[in-house]
Every structure is written in structure tokens, then in C-alpha cells.
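Engineer: What follows is input-v3.cif, mmCIF, C-alpha atoms.
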data_entry
#
loop_
_atom_site.label_atom_id
_atom_site.label_comp_id
_atom_site.auth_asym_id
_atom_site.auth_seq_id
_atom_site.Cartn_x
_atom_site.Cartn_y
_atom_site.Cartn_z
CA MET A 15 -47.63 32.67 55.25
CA PRO A 16 -49.87 34.48 52.71
CA ALA A 17 -48.22 36.99 50.38
CA VAL A 18 -48.38 40.57 51.61
CA ARG A 19 -48.67 41.81 48.03
CA THR A 20 -48.22 40.54 44.50
CA ILE A 21 -45.58 42.12 42.28
CA PRO A 22 -45.81 40.89 38.69
CA LEU A 23 -42.74 40.12 36.62
CA SER A 24 -43.74 42.60 33.90
CA SER A 25 -46.53 44.91 32.84
CA PRO A 26 -47.05 46.78 29.55
CA TRP A 27 -47.67 50.53 29.46
CA ILE A 28 -50.89 50.85 27.46
CA GLY A 29 -53.03 53.97 27.58
CA GLU A 30 -55.75 56.02 25.94
CA ARG A 31 -53.64 56.85 22.89
CA GLU A 32 -53.35 53.18 21.91
CA GLU A 33 -57.09 52.75 22.47
CA GLU A 34 -57.78 55.75 20.23
CA LEU A 35 -55.58 54.45 17.40
CA VAL A 36 -57.10 50.96 17.60
CA ALA A 37 -60.59 52.45 17.51
CA ASP A 38 -59.63 54.39 14.36
CA VAL A 39 -58.62 51.14 12.67
CA LEU A 40 -61.80 49.36 13.76
CA ARG A 41 -63.93 52.17 12.37
CA SER A 42 -61.97 52.18 9.10
CA GLY A 43 -62.76 48.56 8.32
CA ARG A 44 -59.16 47.98 7.18
CA LEU A 45 -58.10 45.43 9.77
CA SER A 46 -55.28 43.84 7.77
CA LEU A 47 -52.98 44.87 4.90
CA GLY A 48 -54.06 48.45 5.49
CA PRO A 49 -52.25 51.79 5.71
CA THR A 50 -51.63 51.62 9.46
CA ILE A 51 -49.00 48.93 8.88
CA ASP A 52 -47.13 51.19 6.46
CA ARG A 53 -47.23 54.04 8.98
CA PHE A 54 -45.91 51.77 11.72
CA GLU A 55 -43.07 50.50 9.54
CA GLU A 56 -42.05 53.99 8.45
CA ALA A 57 -42.11 55.34 12.01
CA PHE A 58 -40.11 52.39 13.32
CA ALA A 59 -37.49 52.66 10.58
CA GLU A 60 -37.01 56.31 11.45
CA VAL A 61 -36.61 55.55 15.16
CA VAL A 62 -33.85 52.98 14.63
CA GLY A 63 -32.17 54.72 11.72
CA ALA A 64 -32.77 52.08 9.06
CA PRO A 65 -34.07 52.82 5.56
CA TYR A 66 -36.44 49.84 5.43
CA ALA A 67 -38.63 47.99 7.94
CA ALA A 68 -41.01 45.05 7.49
CA ALA A 69 -43.52 44.27 10.24
CA VAL A 70 -44.11 40.59 11.01
CA SER A 71 -46.19 38.47 13.35
CA SER A 72 -43.37 37.90 15.86
CA GLY A 73 -39.66 38.25 16.43
CA THR A 74 -39.37 34.52 15.81
CA ALA A 75 -40.96 34.97 12.38
CA GLY A 76 -38.51 37.75 11.61
CA LEU A 77 -35.49 35.61 12.47
CA HIS A 78 -36.86 32.78 10.36
CA LEU A 79 -37.32 35.04 7.34
CA LEU A 80 -33.79 36.43 7.64
CA CYS A 81 -32.45 32.87 7.69
CA ILE A 82 -34.34 32.21 4.47
CA ALA A 83 -33.03 35.43 2.95
CA ALA A 84 -29.49 34.32 3.90
CA GLY A 85 -30.00 31.04 2.03
CA VAL A 86 -29.93 28.80 5.10
CA GLY A 87 -30.99 25.26 4.23
CA PRO A 88 -30.56 21.55 4.99
CA GLY A 89 -26.98 20.60 5.80
CA ASP A 90 -25.99 24.13 6.78
CA GLU A 91 -24.87 25.31 10.20
CA VAL A 92 -25.88 28.52 11.94
CA VAL A 93 -23.80 29.78 14.85
CA THR A 94 -25.63 31.48 17.70
CA SER A 95 -25.73 31.98 21.46
CA PRO A 96 -26.64 29.20 23.89
CA TYR A 97 -27.84 31.85 26.38
CA SER A 98 -30.93 33.25 24.68
CA PHE A 99 -34.56 32.50 23.95
CA VAL A 100 -34.94 29.36 21.84
CA ALA A 101 -36.00 31.32 18.74
CA SER A 102 -32.37 32.35 18.22
CA ALA A 103 -31.63 28.73 17.31
CA ASN A 104 -35.05 27.53 16.12
CA CYS A 105 -34.92 29.91 13.17
CA ALA A 106 -32.14 27.74 11.72
CA VAL A 107 -33.78 24.43 12.61
CA TYR A 108 -36.94 25.46 10.74
CA GLU A 109 -34.88 25.38 7.52
CA GLY A 110 -33.22 22.04 8.26
CA ALA A 111 -29.96 23.57 9.43
CA THR A 112 -28.00 22.67 12.56
CA PRO A 113 -27.57 25.26 15.31
CA VAL A 114 -23.99 25.54 16.57
CA PHE A 115 -23.44 27.27 19.91
CA ALA A 116 -20.61 29.68 20.75
CA ASP A 117 -20.00 30.41 24.42
CA VAL A 118 -20.70 33.79 25.96
CA ASP A 119 -18.78 36.48 27.79
CA ARG A 120 -19.19 36.21 31.55
CA ARG A 121 -19.73 39.97 31.96
CA THR A 122 -22.08 40.82 29.07
CA PHE A 123 -23.70 37.39 28.49
CA ASN A 124 -23.28 37.98 24.73
CA VAL A 125 -21.35 35.64 22.44
CA THR A 126 -17.68 36.47 22.06
CA PRO A 127 -16.29 37.07 18.56
CA GLU A 128 -13.49 34.60 19.35
CA ALA A 129 -15.95 31.83 20.21
CA VAL A 130 -17.98 32.56 17.08
CA GLU A 131 -14.91 32.44 14.87
CA ALA A 132 -13.86 29.12 16.40
CA ALA A 133 -17.34 27.69 15.79
CA ILE A 134 -17.47 28.56 12.07
CA THR A 135 -16.85 25.68 9.67
CA GLU A 136 -17.14 25.22 5.92
CA ARG A 137 -20.81 24.36 6.51
CA THR A 138 -21.63 27.63 8.31
CA ARG A 139 -24.14 29.74 6.42
CA ALA A 140 -24.99 32.41 9.01
CA VAL A 141 -24.38 33.77 12.50
CA VAL A 142 -27.30 34.93 14.65
CA ALA A 143 -25.85 37.41 17.13
CA VAL A 144 -28.05 38.21 20.14
CA ASP A 145 -28.21 41.52 22.02
CA ILE A 146 -29.06 39.73 25.23
CA TYR A 147 -31.20 41.64 27.73
CA GLY A 148 -30.85 44.74 25.56
CA TYR A 149 -27.04 44.93 25.77
CA PRO A 150 -25.54 45.32 22.27
CA CYS A 151 -23.34 42.54 20.95
CA GLU A 152 -19.81 43.15 19.61
CA LEU A 153 -21.26 44.00 16.23
CA ASP A 154 -18.19 45.33 14.40
CA GLU A 155 -15.98 42.44 15.45
CA LEU A 156 -18.66 39.89 14.59
CA ARG A 157 -19.25 41.52 11.23
CA ALA A 158 -15.51 41.38 10.48
CA VAL A 159 -15.43 37.67 11.35
CA CYS A 160 -18.47 36.95 9.15
CA GLU A 161 -17.15 38.94 6.21
CA ALA A 162 -13.77 37.22 6.41
CA ARG A 163 -15.42 33.78 6.46
CA GLY A 164 -18.12 34.55 3.91
CA VAL A 165 -21.16 33.99 6.13
CA ALA A 166 -24.24 36.12 6.74
CA LEU A 167 -24.72 38.04 9.99
CA ILE A 168 -28.22 38.35 11.47
CA GLN A 169 -28.74 40.59 14.50
CA ASP A 170 -31.25 39.27 17.03
CA ALA A 171 -32.19 42.61 18.56
CA CYS A 172 -35.52 41.31 19.85
CA GLU A 173 -34.69 42.59 23.34
CA ALA A 174 -32.79 45.71 22.31
CA LEU A 175 -35.08 48.42 20.93
CA GLY A 176 -33.53 51.71 22.02
CA ALA A 177 -30.06 50.30 22.65
CA ARG A 178 -27.05 52.12 21.19
CA TYR A 179 -23.85 50.71 19.74
CA LYS A 180 -20.92 53.09 19.32
CA GLY A 181 -23.26 56.03 19.71
CA ARG A 182 -25.84 54.93 17.14
CA PRO A 183 -29.16 53.09 17.56
CA VAL A 184 -29.09 49.33 17.20
CA GLY A 185 -30.52 48.71 13.75
CA SER A 186 -28.72 51.61 12.08
CA GLN A 187 -25.35 49.94 11.45
CA GLY A 188 -26.27 48.12 8.24
CA THR A 189 -26.75 44.59 9.57
CA SER A 190 -30.28 43.25 9.15
CA ALA A 191 -31.93 43.06 12.57
CA VAL A 192 -35.07 41.74 14.21
CA PHE A 193 -37.02 43.41 17.02
CA ALA A 194 -39.92 41.90 19.00
CA PHE A 195 -43.02 43.32 20.65
CA TYR A 196 -44.18 40.71 23.16
CA PRO A 197 -45.88 42.36 26.19
CA ASN A 198 -42.70 42.34 28.33
CA LYS A 199 -40.63 44.14 25.69
CA GLN A 200 -39.80 47.84 25.62
CA ILE A 201 -42.85 48.40 23.40
CA THR A 202 -45.61 45.92 22.71
CA THR A 203 -48.19 45.12 20.08
CA GLY A 204 -49.35 42.02 21.99
CA GLU A 205 -47.68 39.74 19.48
CA GLY A 206 -45.53 41.11 16.68
CA GLY A 207 -42.08 41.97 15.45
CA MET A 208 -40.13 44.08 12.98
CA ILE A 209 -37.26 43.37 10.60
CA THR A 210 -35.01 46.26 9.64
CA THR A 211 -32.73 46.12 6.64
CA HIS A 212 -30.53 48.44 4.62
CA SER A 213 -31.20 46.55 1.38
CA GLU A 214 -34.20 47.38 -0.77
CA ARG A 215 -33.89 44.00 -2.51
CA GLU A 216 -34.01 42.15 0.83
CA TRP A 217 -36.88 44.33 2.04
CA ARG A 218 -38.98 43.42 -1.00
CA LEU A 219 -38.18 39.75 -0.53
CA LEU A 220 -39.15 39.87 3.16
CA ARG A 221 -42.45 41.58 2.36
CA SER A 222 -43.22 38.81 -0.12
CA LEU A 223 -42.16 35.98 2.19
CA ARG A 224 -44.31 37.26 5.07
CA ASN A 225 -47.35 37.47 2.78
CA GLN A 226 -47.61 33.93 1.39
CA GLY A 227 -44.95 34.59 -1.25
CA ARG A 228 -46.99 37.17 -3.12
CA ALA A 229 -44.97 39.56 -5.27
CA ASP A 230 -45.54 43.32 -5.23
CA SER A 231 -46.63 43.28 -8.87
CA GLY A 232 -48.76 40.15 -8.67
CA GLY A 233 -52.41 39.62 -7.91
CA TRP A 234 -53.89 38.34 -4.67
CA LEU A 235 -53.81 34.73 -5.83
CA GLU A 236 -50.47 34.92 -7.65
CA HIS A 237 -47.52 33.62 -5.65
CA ALA A 238 -43.97 34.22 -6.79
CA ARG A 239 -42.34 31.94 -4.22
CA LEU A 240 -43.05 29.74 -1.21
CA GLY A 241 -44.07 32.07 1.59
CA PHE A 242 -45.67 32.20 5.01
CA ASN A 243 -48.49 33.94 6.78
CA TYR A 244 -46.19 36.01 8.98
CA ARG A 245 -48.18 39.22 8.60
CA ILE A 246 -48.97 41.66 11.35
CA ASP A 247 -52.45 43.23 11.28
CA ASP A 248 -53.49 46.88 11.41
CA ILE A 249 -54.86 46.58 14.96
CA ARG A 250 -51.46 45.57 16.29
CA ALA A 251 -49.77 48.17 14.11
CA ALA A 252 -52.01 50.82 15.65
CA ILE A 253 -50.94 49.76 19.14
CA GLY A 254 -47.33 49.92 17.95
CA LEU A 255 -47.76 53.47 16.68
CA GLY A 256 -49.07 54.55 20.06
CA GLN A 257 -46.18 52.82 21.78
CA LEU A 258 -43.60 54.48 19.53
CA GLU A 259 -45.04 57.89 20.36
CA LYS A 260 -43.99 57.40 23.99
CA LEU A 261 -40.89 55.28 23.39
CA ASP A 262 -38.55 57.90 24.83
CA ALA A 263 -40.64 58.10 28.01
CA ILE A 264 -40.74 54.31 28.29
CA LEU A 265 -36.97 53.97 27.86
CA GLU A 266 -36.28 56.73 30.38
CA ALA A 267 -38.65 55.19 32.92
CA ARG A 268 -37.11 51.74 32.51
CA SER A 269 -33.65 53.21 32.97
CA THR A 270 -34.81 54.92 36.17
CA VAL A 271 -36.23 51.66 37.52
CA ALA A 272 -32.96 49.87 36.70
CA GLY A 273 -30.98 52.58 38.45
CA ARG A 274 -33.06 52.20 41.59
CA TYR A 275 -32.50 48.45 41.59
CA ALA A 276 -28.75 48.99 41.28
CA SER A 277 -28.80 51.12 44.43
CA LEU A 278 -31.15 48.86 46.37
CA LEU A 279 -29.31 45.63 45.57
CA ALA A 280 -25.71 46.84 45.73
CA THR A 281 -25.23 45.79 49.36
CA ILE A 282 -26.41 42.17 49.00
CA PRO A 283 -23.23 40.10 49.47
CA GLY A 284 -22.13 38.18 46.40
CA LEU A 285 -25.02 39.28 44.20
CA GLU A 286 -23.89 40.27 40.70
CA LEU A 287 -25.82 43.04 38.96
CA PRO A 288 -26.14 43.63 35.20
CA CYS A 289 -22.98 45.01 33.61
CA GLU A 290 -22.79 48.76 33.18
CA ASP A 291 -22.72 50.64 29.91
CA ASP A 292 -19.41 51.72 28.41
CA ALA A 293 -18.31 53.99 25.57
CA ASN A 294 -19.45 51.50 22.90
CA HIS A 295 -22.50 49.89 24.50
CA GLY A 296 -25.68 51.56 25.71
CA ARG A 297 -28.20 49.09 27.09
CA SER A 298 -31.93 49.33 26.49
CA TRP A 299 -33.50 47.85 29.60
CA PHE A 300 -35.62 44.82 28.69
CA VAL A 301 -35.47 42.86 31.96
CA TYR A 302 -33.52 43.19 35.19
CA VAL A 303 -31.54 39.98 35.69
CA VAL A 304 -29.23 39.36 38.63
CA THR A 305 -26.70 36.58 39.12
CA LEU A 306 -26.93 34.78 42.44
CA PRO A 307 -23.76 33.93 44.38
CA ALA A 308 -22.14 30.65 43.38
CA GLY A 309 -23.38 27.75 45.45
CA ARG A 310 -26.66 29.37 46.47
CA ASP A 311 -29.86 27.38 46.02
CA ARG A 312 -31.77 29.34 43.38
CA GLU A 313 -34.89 27.20 43.76
CA ALA A 314 -35.04 27.89 47.48
CA ALA A 315 -34.66 31.61 46.82
CA ILE A 316 -37.45 31.51 44.22
CA ALA A 317 -39.72 29.68 46.65
CA LEU A 318 -39.19 32.31 49.36
CA LEU A 319 -39.75 35.15 46.90
CA THR A 320 -42.93 33.48 45.67
CA GLU A 321 -44.19 33.22 49.26
CA ARG A 322 -43.82 36.97 49.51
CA GLY A 323 -45.69 37.58 46.25
CA VAL A 324 -42.61 38.46 44.18
CA GLN A 325 -42.76 36.94 40.72
CA THR A 326 -39.45 35.86 39.19
CA ALA A 327 -38.23 33.87 36.18
CA ARG A 328 -35.25 31.61 35.54
CA TYR A 329 -33.70 33.73 32.80
CA LEU A 330 -32.35 31.95 30.83
CA PRO A 331 -31.98 28.18 30.48
CA CYS A 332 -29.33 27.18 27.94
CA ILE A 333 -30.82 26.42 24.54
CA HIS A 334 -28.51 23.49 23.85
CA LEU A 335 -29.70 21.77 27.05
CA GLN A 336 -33.40 22.03 26.24
CA PRO A 337 -34.75 18.46 26.00
CA TYR A 338 -35.58 18.60 22.29
CA MET A 339 -32.14 20.01 21.46
CA GLN A 340 -30.41 17.21 23.36
CA GLU A 341 -32.60 14.57 21.74
CA ARG A 342 -32.27 15.91 18.20
CA PHE A 343 -28.63 17.05 18.13
CA GLY A 344 -27.02 15.22 21.04
CA TYR A 345 -25.88 18.31 22.94
CA ARG A 346 -24.72 17.72 26.51
CA VAL A 347 -23.57 19.59 29.59
CA GLY A 348 -20.07 20.98 29.16
CA LEU A 349 -20.46 22.32 25.62
CA CYS A 350 -20.65 25.98 26.74
CA PRO A 351 -19.36 26.15 30.33
CA VAL A 352 -19.72 29.90 30.85
CA ALA A 353 -23.28 29.97 29.57
CA GLU A 354 -24.15 26.90 31.63
CA ASP A 355 -22.80 28.45 34.82
CA VAL A 356 -24.61 31.73 34.18
CA ALA A 357 -27.87 29.98 33.27
CA GLY A 358 -27.91 28.15 36.59
CA ARG A 359 -27.52 31.33 38.64
CA THR A 360 -29.39 34.13 36.85
CA LEU A 361 -32.81 35.32 37.97
CA ALA A 362 -35.16 37.93 36.48
CA LEU A 363 -36.81 40.26 38.99
CA PRO A 364 -40.04 42.22 38.52
CA PHE A 365 -39.33 44.97 36.01
CA HIS A 366 -41.35 47.40 33.93
CA ALA A 367 -41.56 51.11 33.21
CA ARG A 368 -44.05 51.95 35.96
CA LEU A 369 -42.72 49.78 38.79
CA ASP A 370 -42.92 52.06 41.80
CA GLU A 371 -40.23 52.66 44.39
CA ASP A 372 -42.05 50.95 47.25
CA ASP A 373 -42.48 47.75 45.25
CA GLN A 374 -38.81 47.81 44.27
CA ALA A 375 -37.76 48.23 47.88
CA TYR A 376 -40.04 45.34 48.80
CA VAL A 377 -38.44 43.15 46.10
CA ALA A 378 -34.95 44.08 47.29
CA ASP A 379 -35.79 43.27 50.91
CA ALA A 380 -37.37 39.98 49.91
CA LEU A 381 -34.33 38.99 47.82
CA ARG A 382 -31.96 39.95 50.64
CA ALA A 383 -33.95 37.76 53.04
CA ALA A 384 -34.07 34.90 50.51
CA LEU A 385 -30.28 34.96 50.17
CA GLY A 386 -29.61 35.56 53.85
#
Represent the structure of the file as C-alpha cells.
Structural biologist:
Amino acid sequence: MPAVRTIPLSSPWIGEREEELVADVLRSGRLSLGPTIDRFEEAFAEVVGAPYAAAVSSGTAGLHLLCIAAGVGPGDEVVTSPYSFVASANCAVYEGATPVFADVDRRTFNVTPEAVEAAITERTRAVVAVDIYGYPCELDELRAVCEARGVALIQDACEALGARYKGRPVGSQGTSAVFAFYPNKQITTGEGGMITTHSEREWRLLRSLRNQGRADSGGWLEHARLGFNYRIDDIRAAIGLGQLEKLDAILEARSTVAGRYASLLATIPGLELPCEDDANHGRSWFVYVVTLPAGRDREAAIALLTERGVQTARYLPCIHLQPYMQERFGYRVGLCPVAEDVAGRTLALPFHARLDEDDQAYVADALRAALG
């Protein structure tokens, strides 16, 4: 049966303002290392309540640079979540360290402070805490664990721009954090990311590392340290400025779409919806991920949804069970039982700021039929 319609998994909200800002950059001739990057960094820092921000080529690049800043190296261990995008662990592997996985909470899908504490050893150099699907991690408890054990804490907020922890924006609490701007994120620059920090020393180091190790006081061909080409360009920064101008509208629209899904899907037997906010955690809606009833055939459900033109994604496979992780580090099923159970049952539905009500109702009806 041919699909009645096609409903994409995600879609960025790009308009005339972004086009205008990009055109300004093109006319200026300053396509890289220009003033638009500075403007983007300053505007972003203000939005999240951090004193310093360094734009980079991707969220992955940002996590890698924070691992370097934390002194991660060969022989070290870095504790992180098994239920995340692979970059949360790859950032440690890039520096020759071993990723160690702490299991997640069944309700929030974030790592638990207890599991992190149990995973820390004398070789642990850092913890990468993920705000999965835009839901803030237990930042204060994790920070207390890290401070007591003498390890660095890195906040992987790549999915959490606009989220709030204990009433304040994620990024404002003092822990260095990384945000990402892939096209399915809250805002996009196509490819790109941002590191926020409360340390001027770290900020200067990050700016050098992203720019081939050049120092602020050095010449173009003078390199103070080993660095990387992790720069963002002014064209992407211009898109980011336009996106930041309508961030509040984007976040409100995404919240409205999520609220409609909650109503539409509430009556599907056994289907678990994303956890609700509480006094300490305010989610920023990145994706809308549901958990299928135990024992249901997810692949069969995906096939039926695909027939009806509804795009979905298996969010998220466990990192430690990715083939290269098993081959390199010997990880096996059973290491993180909660994450493994969740990973086998979660499914991302079409979600973006301008998803209309009729399409959402269509998705809900298709999912109900697929699980019926």
C-alpha cells in the first residue's frame, strides 16, 4: 500500500532572517575568522548565562576539546552514559582513554549519580554527563561526586539548549558544557557547536585548540600547542545568529508540539511517554521519544509506520554495544541492563517546531495501529 503522505523525522526552521544575515557575510568577504563569529558567541553566552563561549565545528569537536582541557590521555578512564550518541564516549577514545559506562535511570534516561560514583576508579580522569533528549542531568549530585573524587565534570548539553536546571538555564551553573547545532537540534547552523565555560583561562585554551593551536598573541603561522581545525565559519555563525533571534519562539513551538503528542498518545495501552518536568528539571524538547510496551516487536512497528509514510528512528542504540566498541574494549550485553532494555524499546517520532496538528494526529493513529 503506497504511503498516504510523508512525515519527516525532523525539519529545521530557517527563514528570511537567516538568508539576510548569510548574505551580509557573503558581501563582506569575511567568510571565516570574522566578526560574525564573535557576535554569535557573545549572543549565545548571554542566552545560556555563561561568561564565555567558543564556537566550534560540531558538538563532537567541543566534547573532544573539553577532554583535552581536562587532561584526558592514554591510560585514563572517562565515565559516561551508554544511552547517548557515540560522541559522548568517542571524545575520550580520541585521546587514548577508555570509556566506562554507568547505567541510566529508567525514568529520565540520564546516568544516575550512584552509578557514576561506582564506576569511578583511580584511573578516572573525567565524567561526561549527558542531558539526554534535552532533560537535564542530576548536575549538583554529579558535581559533588566528581569534586569528592578529584575528577573533571563535562556536561554534554548537545541536546539541551533552552533546558533549565533548578530554575536556571543549562550552561549557567559553572560546569563547562557543549551544545550542538545539527539540523534536528533546537537551533541549527547546519554543522556546528558551542562550548560554554566560566573560566577565562579555559576559554583562551579552547580558542587556541580549535584554531590549530595558535595563541592569541602569536602570528598566523605561530603555533603555541598541538591544535585542530575545529573552527566554525562566519556563514554558519550568521545562521546561528538568526536562529538565536527566534529561539524563544522555537522552544515554545516545540513544547506545544510535545504537549499535543502527550494528549494524542496517552490512550495507547502500555506506551510510555517522556518523563514530565519537575521542580528541578525543565526539558528543552529536542526529539519526542516513546518507549514501546515490553515484548512488542519494534521492527514490525517501524515497518508499518514506514508503509504509512511516517519516518522514525531507533533512538538510541547503546554505545557499548556498537560493533567497534565491542571489538576494541570487549563490552558485552549485560553491562548496563537498564540502558539496554530502554535502547531496545525506544522510538523517535516525527518532531519539529512546525509539525502541524493534522500530521501529529496521523502519526498517533499510525502508531496506535502499528501497536494494535
Engineer: On this file, the PyMOL selection byres ((chain A and resi 327) around 10) gives some set of residues; write that set as a list in words.
Structural biologist: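 With the shown file as input, the PyMOL selection byres ((chain A and resi 327) around 10) matches Leu23, Val303, Ile316, Gln325, Thr326, Arg328, Tyr329, Leu330, Thr360, Leu361, Ala362, Leu363 and Pro364 of chain A.
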Engineer: From the list A:Gly344, A:Gly164, A:Gly256, A:Gly232, which residue is nearest Thr112 in chain A when using all atoms listed in the file?
Structural biologist: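 Looking only at the distances to Thr112 in chain A, the closest residue turns out to be A:Gly344.
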Engineer: Any chance you could resolve the PyMOL selection byres ((chain A and resi 369) around 9) against this file and give the residues as a ChimeraX atom specification?
Structural biologist: /A:21,24-25,267-268,271,364-368,370-374
Engineer: Please save C-alpha atoms of the selected residues as an mmCIF file, in the frame of the given file.
Structural biologist:
data_model
loop_
_atom_site.group_PDB
_atom_site.id
_atom_site.type_symbol
_atom_site.label_atom_id
_atom_site.label_comp_id
_atom_site.auth_asym_id
_atom_site.auth_seq_id
_atom_site.Cartn_x
_atom_site.Cartn_y
_atom_site.Cartn_z
ATOM 1 C CA ILE A 21 -45.580 42.120 42.280
ATOM 2 C CA SER A 24 -43.740 42.600 33.900
ATOM 3 C CA SER A 25 -46.530 44.910 32.840
ATOM 4 C CA ALA A 267 -38.650 55.190 32.920
ATOM 5 C CA ARG A 268 -37.110 51.740 32.510
ATOM 6 C CA VAL A 271 -36.230 51.660 37.520
ATOM 7 C CA PRO A 364 -40.040 42.220 38.520
ATOM 8 C CA PHE A 365 -39.330 44.970 36.010
ATOM 9 C CA HIS A 366 -41.350 47.400 33.930
ATOM 10 C CA ALA A 367 -41.560 51.110 33.210
ATOM 11 C CA ARG A 368 -44.050 51.950 35.960
ATOM 12 C CA ASP A 370 -42.920 52.060 41.800
ATOM 13 C CA GLU A 371 -40.230 52.660 44.390
ATOM 14 C CA ASP A 372 -42.050 50.950 47.250
ATOM 15 C CA ASP A 373 -42.480 47.750 45.250
ATOM 16 C CA GLN A 374 -38.810 47.810 44.270
#
Engineer: Under the PyMOL selection byres ((chain A and resi 166) around 7), which residues of this model are included? Write them out as a ChimeraX atom specification.
Structural biologist: /A:84,139-141,160,164-165,167-168
Engineer: Set the distance at 8 Å and use only C-alpha atoms: which residues neighbour Cys81 in chain A once local chain neighbours fewer than 3 positions away are removed? I'd like the list as JSON, numbers by chain.
Structural biologist: {"A": [77, 78, 84, 85, 86, 105, 106, 109, 140, 168]}
Engineer: Since the input lacks atoms, please generate N, CA, C and O atoms for range 162-177 of chain A and provide them as a CSV table (one decimal), keeping the file's coordinate frame.
Structural biologist:
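Here's the written file result_39.csv:
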chain,number,residue,atom,x,y,z
A,162,ALA,N,-15.0,37.9,6.7
A,162,ALA,CA,-13.8,37.2,6.4
A,162,ALA,C,-14.1,35.8,6.1
A,162,ALA,O,-13.4,35.2,5.2
A,163,ARG,N,-15.1,35.2,6.7
A,163,ARG,CA,-15.4,33.8,6.5
A,163,ARG,C,-16.6,33.6,5.5
A,163,ARG,O,-16.9,32.4,5.2
A,164,GLY,N,-17.1,34.7,4.9
A,164,GLY,CA,-18.1,34.6,3.9
A,164,GLY,C,-19.5,34.0,4.4
A,164,GLY,O,-20.1,33.3,3.7
A,165,VAL,N,-19.9,34.4,5.6
A,165,VAL,CA,-21.2,34.0,6.1
A,165,VAL,C,-22.0,35.2,6.5
A,165,VAL,O,-21.5,36.3,6.7
A,166,ALA,N,-23.3,35.0,6.5
A,166,ALA,CA,-24.2,36.1,6.7
A,166,ALA,C,-24.3,36.4,8.2
A,166,ALA,O,-24.1,35.5,9.1
A,167,LEU,N,-24.5,37.6,8.6
A,167,LEU,CA,-24.7,38.0,10.0
A,167,LEU,C,-26.1,38.6,10.2
A,167,LEU,O,-26.6,39.5,9.4
A,168,ILE,N,-26.8,38.0,11.1
A,168,ILE,CA,-28.2,38.4,11.5
A,168,ILE,C,-28.2,38.8,12.9
A,168,ILE,O,-27.7,38.2,13.8
A,169,GLN,N,-28.7,40.0,13.1
A,169,GLN,CA,-28.7,40.6,14.5
A,169,GLN,C,-30.1,40.3,15.2
A,169,GLN,O,-31.1,40.8,14.7
A,170,ASP,N,-30.1,39.5,16.2
A,170,ASP,CA,-31.2,39.3,17.0
A,170,ASP,C,-31.3,40.4,18.1
A,170,ASP,O,-30.8,40.3,19.2
A,171,ALA,N,-32.0,41.5,17.7
A,171,ALA,CA,-32.2,42.6,18.6
A,171,ALA,C,-33.6,42.6,19.2
A,171,ALA,O,-34.1,43.7,19.6
A,172,CYS,N,-34.2,41.4,19.3
A,172,CYS,CA,-35.5,41.3,19.8
A,172,CYS,C,-35.7,41.9,21.2
A,172,CYS,O,-36.8,42.4,21.6
A,173,GLU,N,-34.6,42.0,22.0
A,173,GLU,CA,-34.7,42.6,23.3
A,173,GLU,C,-34.0,44.0,23.4
A,173,GLU,O,-33.9,44.5,24.5
A,174,ALA,N,-33.7,44.6,22.3
A,174,ALA,CA,-32.8,45.7,22.3
A,174,ALA,C,-33.3,47.0,21.7
A,174,ALA,O,-32.5,47.9,21.3
A,175,LEU,N,-34.6,47.2,21.5
A,175,LEU,CA,-35.1,48.4,20.9
A,175,LEU,C,-34.7,49.6,21.8
A,175,LEU,O,-34.9,49.6,23.0
A,176,GLY,N,-34.0,50.6,21.2
A,176,GLY,CA,-33.5,51.7,22.0
A,176,GLY,C,-32.1,51.6,22.5
A,176,GLY,O,-31.5,52.6,23.0
A,177,ALA,N,-31.5,50.4,22.3
A,177,ALA,CA,-30.1,50.3,22.6
A,177,ALA,C,-29.2,51.1,21.6
A,177,ALA,O,-29.6,51.3,20.5
